[in-house]
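Everything below belongs to upload-v1.cif, which stores mmCIF, C-alpha atoms and all ligand atoms.
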data_target
#
loop_
_atom_site.label_atom_id
_atom_site.label_comp_id
_atom_site.auth_asym_id
_atom_site.auth_seq_id
_atom_site.Cartn_x
_atom_site.Cartn_y
_atom_site.Cartn_z
CA MET T 1 74.91 34.87 11.33
CA GLU T 2 74.89 35.18 7.58
CA ARG T 3 75.91 31.59 7.19
CA ILE T 4 73.15 30.52 9.53
CA ILE T 5 70.56 32.52 7.59
CA TYR T 6 71.63 31.09 4.28
CA GLN T 7 71.64 27.61 5.69
CA MET T 8 68.13 28.34 6.86
CA LEU T 9 67.16 29.24 3.32
CA PHE T 10 68.04 25.78 2.18
CA SER T 11 66.16 23.96 4.84
CA ILE T 12 62.60 22.90 4.60
CA LEU T 13 60.79 24.19 7.62
CA VAL T 14 57.18 24.06 8.51
CA LEU T 15 56.23 26.89 10.77
CA VAL T 16 52.95 28.16 12.01
CA PHE T 17 52.15 31.81 11.53
CA SER T 18 49.20 34.10 11.51
CA THR T 19 48.18 35.88 8.34
CA ASP T 20 46.91 39.15 9.64
CA LEU T 21 50.04 41.19 9.07
CA ALA T 22 51.24 43.11 6.09
CA GLY T 23 53.15 40.75 3.85
CA GLN T 24 56.71 40.92 2.69
CA MET T 25 57.75 38.95 -0.35
CA PRO T 26 61.15 37.35 -0.77
CA ASP T 27 63.77 39.41 -2.50
CA ASP T 28 66.06 36.50 -3.25
CA GLN T 29 65.32 33.53 -5.41
CA ILE T 30 65.87 30.26 -3.61
CA GLN T 31 67.43 27.74 -5.95
CA GLY T 32 68.70 24.25 -5.47
CA PRO T 33 70.04 21.71 -5.21
CA HIS T 34 71.20 22.23 -1.65
CA THR T 35 72.71 20.12 1.04
CA GLN T 36 70.17 19.33 3.68
CA TYR T 37 71.08 20.56 7.12
CA GLU T 38 68.61 19.75 9.81
CA GLY T 39 70.07 21.86 12.56
CA PRO T 40 70.40 22.79 15.28
CA TYR T 41 70.71 26.49 14.48
CA TYR T 42 71.82 28.97 17.11
CA ILE T 43 70.91 32.59 16.50
CA LYS T 44 72.13 35.46 18.62
CA VAL T 45 69.57 38.16 19.26
CA PHE T 46 69.98 41.80 20.21
CA VAL T 47 66.97 43.93 21.12
CA ASN T 48 66.71 47.65 20.36
CA TYR T 49 64.01 49.53 22.24
CA ILE T 50 62.89 52.62 20.39
CA GLN T 51 61.18 55.37 22.29
CA THR T 52 60.42 58.99 21.49
CA PRO T 53 60.90 62.07 23.69
CA THR T 54 57.12 62.39 23.94
CA ASP T 55 56.56 58.74 24.83
CA PRO T 56 59.53 57.52 26.90
CA TRP T 57 57.95 54.12 27.52
CA ALA T 58 61.28 52.31 27.65
CA ASP T 59 62.40 54.47 30.57
CA ASN T 60 59.49 53.04 32.55
CA THR T 61 59.88 49.42 31.49
CA ASP T 62 62.00 46.61 32.89
CA LEU T 63 63.92 46.03 29.67
CA SER T 64 65.85 43.04 30.97
CA SER T 65 62.71 41.06 31.63
CA ARG T 66 61.12 42.33 28.42
CA THR T 67 64.16 41.05 26.53
CA ALA T 68 63.93 37.72 28.34
CA GLY T 69 60.26 37.54 27.32
CA ILE T 70 61.10 38.04 23.66
CA LEU T 71 63.67 35.24 23.73
CA GLU T 72 61.27 33.03 25.65
CA ARG T 73 58.54 33.46 23.03
CA LEU T 74 60.88 32.84 20.11
CA ASN T 75 62.33 29.74 21.73
CA ALA T 76 58.86 28.45 22.61
CA GLU T 77 57.93 28.52 18.92
CA TYR T 78 61.19 27.66 17.21
CA ASN T 79 62.95 25.15 19.46
CA GLN T 80 60.76 22.39 18.02
CA HIS T 81 62.41 23.19 14.67
CA GLU T 82 65.91 22.97 16.14
CA ILE T 83 66.32 26.74 16.10
CA TYR T 84 67.58 28.32 19.31
CA PHE T 85 67.69 32.03 20.07
CA ILE T 86 70.38 33.25 22.42
CA GLY T 87 70.52 36.67 24.02
CA LEU T 88 73.81 38.51 24.15
CA THR T 89 75.14 38.59 27.68
CA ALA T 90 77.43 40.56 29.95
CA PRO T 91 80.30 41.08 30.38
CA CYS T 92 81.13 40.85 26.68
CA ASP T 93 77.89 42.22 25.31
CA ALA T 94 74.71 43.96 26.32
CA SER T 95 71.47 42.12 25.59
CA HIS T 96 69.65 45.26 24.54
CA GLN T 97 69.86 48.99 24.12
CA LYS T 98 67.45 51.87 24.42
CA ILE T 99 67.26 54.41 21.64
CA THR T 100 65.42 57.65 22.15
CA ALA T 101 64.70 58.85 18.65
CA SER T 102 61.99 58.94 16.07
CA ASN T 103 64.15 56.92 13.78
CA TYR T 104 67.02 54.49 13.85
CA ALA T 105 69.93 53.99 11.55
CA VAL T 106 71.92 51.16 10.09
CA SER T 107 74.62 52.10 12.58
CA ASN T 108 72.35 50.64 15.26
CA LEU T 109 72.55 47.22 13.66
CA HIS T 110 74.73 44.38 14.88
CA THR T 111 76.79 42.45 12.41
CA LYS T 112 76.75 39.22 14.41
CA ALA T 113 73.23 39.14 15.80
CA LEU T 114 69.64 39.34 14.70
CA ASP T 115 68.44 42.84 15.62
CA ILE T 116 64.89 43.14 16.86
CA PHE T 117 63.48 46.65 17.11
CA ASP T 118 60.68 47.02 19.63
CA ARG T 119 58.70 50.24 19.56
CA GLY T 120 56.61 49.56 22.65
CA ASN T 121 53.01 48.64 23.39
CA SER T 122 51.00 51.59 22.19
CA GLY T 123 48.62 51.15 19.27
CA GLY T 124 47.68 48.05 17.35
CA ALA T 125 50.24 45.37 16.60
CA SER T 126 52.40 45.75 13.54
CA GLY T 127 55.57 44.16 12.31
CA TYR T 128 58.02 44.52 9.47
CA ALA T 129 60.92 42.41 8.31
CA PHE T 130 61.69 44.81 5.42
CA ARG T 131 63.02 42.02 3.25
CA VAL T 132 63.26 38.22 3.19
CA PRO T 133 65.64 37.14 4.52
CA ASN T 134 66.98 39.90 6.71
CA THR T 135 69.11 40.42 9.79
CA TYR T 136 66.64 42.75 11.50
CA CYS T 137 62.95 43.26 11.98
CA GLU T 138 60.65 45.60 13.84
CA VAL T 139 57.55 45.10 15.94
CA ALA T 140 55.27 47.61 17.62
CA GLY T 141 52.05 47.84 19.53
CA ALA T 142 49.96 45.44 21.57
CA TYR T 143 48.64 42.12 20.36
CA GLY T 144 45.76 41.35 22.67
CA SER T 145 47.15 41.52 26.17
CA LEU T 146 50.73 41.00 25.03
CA PRO T 147 53.34 43.37 23.65
CA ALA T 148 53.80 42.56 19.97
CA SER T 149 57.36 41.59 20.86
CA HIS T 150 56.05 38.80 23.13
CA SER T 151 53.40 37.62 20.70
CA GLU T 152 53.13 35.70 17.45
CA VAL T 153 53.88 38.96 15.67
CA VAL T 154 57.57 38.70 16.58
CA VAL T 155 57.55 35.00 15.70
CA HIS T 156 56.14 35.88 12.28
CA GLU T 157 58.65 38.66 11.55
CA VAL T 158 61.61 36.60 12.72
CA GLY T 159 60.37 33.89 10.35
CA HIS T 160 60.77 36.36 7.50
CA CYS T 161 64.28 37.16 8.75
CA LEU T 162 65.08 33.45 8.56
CA GLY T 163 64.02 33.34 4.93
CA LEU T 164 60.41 32.26 5.18
CA SER T 165 57.87 34.03 3.04
CA HIS T 166 54.11 33.75 3.26
CA THR T 167 54.04 31.51 0.18
CA PHE T 168 55.79 28.73 2.01
CA ASN T 169 54.13 29.13 5.35
CA TRP T 170 51.45 26.96 6.77
CA PHE T 171 48.82 29.24 8.16
CA ARG T 172 47.05 28.93 11.41
CA PRO T 173 43.38 28.51 10.57
ZN ZN T 201 54.61 38.51 7.08
#

Give the structure from this file in structure tokens form.
Amino acid sequence: MERIIYQMLFSILVLVFSTDLAGQMPDDQIQGPHTQYEGPYYIKVFVNYIQTPTDPWADNTDLSSRTAGILERLNAEYNQHEIYFIGLTAPCDASHQKITASNYAVSNLHTKALDIFDRGNSGGASGYAFRVPNTYCEVAGAYGSLPASHSEVVVHEVGHCLGLSHTFNWFRP
């Protein structure tokens, strides 16, 4: 995973994102020269569903199909750039977990997968990648009729995870 992310850093990618989210700036300087690697890149994804005792939305949600929807959206946007997202699968791994807490810890993170934290559909859409690049990001709320995790919000935050900052993005008009 780390190798993939750092290879991503050295690639020139043109991705389409929206601008209406809080920005995160890159923490690492990207310096060359670098060997060009055009892909394909395969990125394992694990989804963490965060619910609270007062809003147990994940208990009432088909998390398998929600997870499939997240992967479907990411692949729809990124496959054209030779980036492929793969869910973890049984019997070796679970594709997702449900966490009932107001917070989550580093112990929830996977060392060999991109962790996506999904806080459900309530409220406006928000997303955080925390740093650029990163191995986890978080999305919450509804984006129009879609959960943020099925919308361009998750595409945007995963872009930060892959090393893309707003400076280098091409913005959707
Ligand atoms: Zn952003």

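Comparing T:Phe130, T:Tyr84, T:Tyr136, T:Tyr37 by their smallest distance to Ser165 (chain T), the closest is T:Phe130 (using only C-alpha atoms).
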
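Comparing the minimum interatomic distances between Ser151 (chain T) and each of T:Ser64, T:Gln97, T:Ser126, T:Thr52, counting all atoms listed in the file, we find that T:Ser126 sits nearest.
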
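Considering the residues T:Thr61, T:Asn75, T:Asn48, T:Asn108 and counting only C-alpha atoms, Glu138 (chain T) has its shortest atom-to-atom contact with T:Asn48.
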
Shell around Ser149 (chain T) at 9 Å using all atoms listed in the file, local window under 2 positions removed, as number ranges by chain: T: 66-67, 69-70, 73, 116-121, 138-143, 146-147, 151-155

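Straight-line separation from CA of Leu162 (chain T) to CA of Trp57 (chain T): 28.9 Å.
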
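Of the residues under consideration (T:Leu109, T:Ala125, T:Ile43, T:Val158), T:Ile43 shows the shortest atom-to-atom contact distance to Phe85 (chain T) when counting only C-alpha atoms.
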
One-decimal distance in Å that lies between CA of Phe46 (chain T) and CA of His34 (chain T): 29.4 Å

Interatomic distance, CA of Leu74 (chain T) to CA of His160 (chain T) (Å, one decimal): 13.1 Å

Nearest to ligand ZN 201 (chain T) by atom-to-atom distance, counting only C-alpha atoms and all ligand atoms, from T:Glu38, T:Arg131, T:His96, T:Glu77: T:Arg131

Could you give me the axis-aligned bounding box of region 64-79 of chain T, with 5 Å of padding per side, as centre plus edge lengths in Å to one decimal, as AutoDock Vina command-line options?
--center_x 61.9 --center_y 34.1 --center_z 24.4 --size_x 17.9 --size_y 27.9 --size_z 24.4

Gly39 (chain T) surroundings by all atoms listed in the file, 8 Å radius, close-in-sequence under 2 positions cut, as a VMD selection string: chain T and resid 37 41 82 to 83

Please rebuild region 39-68 of chain T with N, CA and C atoms and give the result as a compact mmCIF listing (two decimals), in the frame of the given file.
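Below is the file selection-v9.txt, written as the result:
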# COMPACT_ATOMS: atom_id res chain seq x y z
N GLY T 39 69.90 21.12 11.32
CA GLY T 39 70.07 21.86 12.56
C GLY T 39 70.85 21.06 13.57
N PRO T 40 71.05 21.58 14.77
CA PRO T 40 70.40 22.79 15.28
C PRO T 40 71.04 24.08 14.76
N TYR T 41 70.25 25.15 14.81
CA TYR T 41 70.71 26.49 14.48
C TYR T 41 70.69 27.32 15.76
N TYR T 42 71.76 28.08 15.95
CA TYR T 42 71.82 28.97 17.11
C TYR T 42 71.90 30.40 16.60
N ILE T 43 71.00 31.23 17.03
CA ILE T 43 70.91 32.59 16.50
C ILE T 43 70.99 33.59 17.65
N LYS T 44 72.01 34.41 17.61
CA LYS T 44 72.13 35.46 18.62
C LYS T 44 71.13 36.57 18.32
N VAL T 45 70.59 37.13 19.39
CA VAL T 45 69.57 38.16 19.26
C VAL T 45 69.96 39.38 20.08
N PHE T 46 69.80 40.54 19.50
CA PHE T 46 69.98 41.80 20.21
C PHE T 46 68.69 42.61 20.06
N VAL T 47 68.23 43.20 21.17
CA VAL T 47 66.97 43.93 21.12
C VAL T 47 67.22 45.43 21.27
N ASN T 48 66.62 46.18 20.35
CA ASN T 48 66.71 47.65 20.36
C ASN T 48 65.34 48.20 20.72
N TYR T 49 65.28 48.93 21.82
CA TYR T 49 64.01 49.53 22.24
C TYR T 49 63.98 50.97 21.79
N ILE T 50 62.99 51.28 20.97
CA ILE T 50 62.89 52.62 20.39
C ILE T 50 61.81 53.39 21.13
N GLN T 51 62.18 54.49 21.69
CA GLN T 51 61.18 55.37 22.29
C GLN T 51 61.36 56.78 21.73
N THR T 52 60.36 57.60 21.95
CA THR T 52 60.42 58.99 21.49
C THR T 52 60.45 59.89 22.71
N PRO T 53 60.89 61.13 22.56
CA PRO T 53 60.90 62.07 23.69
C PRO T 53 59.50 62.27 24.27
N THR T 54 58.49 62.18 23.43
CA THR T 54 57.12 62.39 23.94
C THR T 54 56.51 61.14 24.54
N ASP T 55 57.08 59.99 24.26
CA ASP T 55 56.56 58.74 24.83
C ASP T 55 57.75 57.88 25.28
N PRO T 56 58.33 58.24 26.43
CA PRO T 56 59.53 57.52 26.90
C PRO T 56 59.18 56.21 27.62
N TRP T 57 58.45 55.35 26.91
CA TRP T 57 57.95 54.12 27.52
C TRP T 57 59.09 53.22 28.01
N ALA T 58 60.18 53.22 27.28
CA ALA T 58 61.28 52.31 27.65
C ALA T 58 61.93 52.70 28.98
N ASP T 59 61.87 54.01 29.28
CA ASP T 59 62.40 54.47 30.57
C ASP T 59 61.63 53.87 31.73
N ASN T 60 60.36 53.53 31.49
CA ASN T 60 59.49 53.04 32.55
C ASN T 60 59.22 51.55 32.44
N THR T 61 60.08 50.85 31.73
CA THR T 61 59.88 49.42 31.49
C THR T 61 61.12 48.66 31.95
N ASP T 62 60.88 47.49 32.54
CA ASP T 62 62.00 46.61 32.89
C ASP T 62 62.47 45.93 31.60
N LEU T 63 63.49 46.49 31.00
CA LEU T 63 63.92 46.03 29.67
C LEU T 63 64.62 44.68 29.72
N SER T 64 65.22 44.36 30.86
CA SER T 64 65.85 43.04 30.97
C SER T 64 64.81 41.94 30.92
N SER T 65 63.72 42.12 31.67
CA SER T 65 62.71 41.06 31.63
C SER T 65 61.92 41.10 30.32
N ARG T 66 61.78 42.27 29.74
CA ARG T 66 61.12 42.33 28.42
C ARG T 66 61.95 41.58 27.38
N THR T 67 63.27 41.76 27.45
CA THR T 67 64.16 41.05 26.53
C THR T 67 64.07 39.54 26.76
N ALA T 68 64.06 39.15 28.03
CA ALA T 68 63.93 37.72 28.34
C ALA T 68 62.62 37.16 27.79
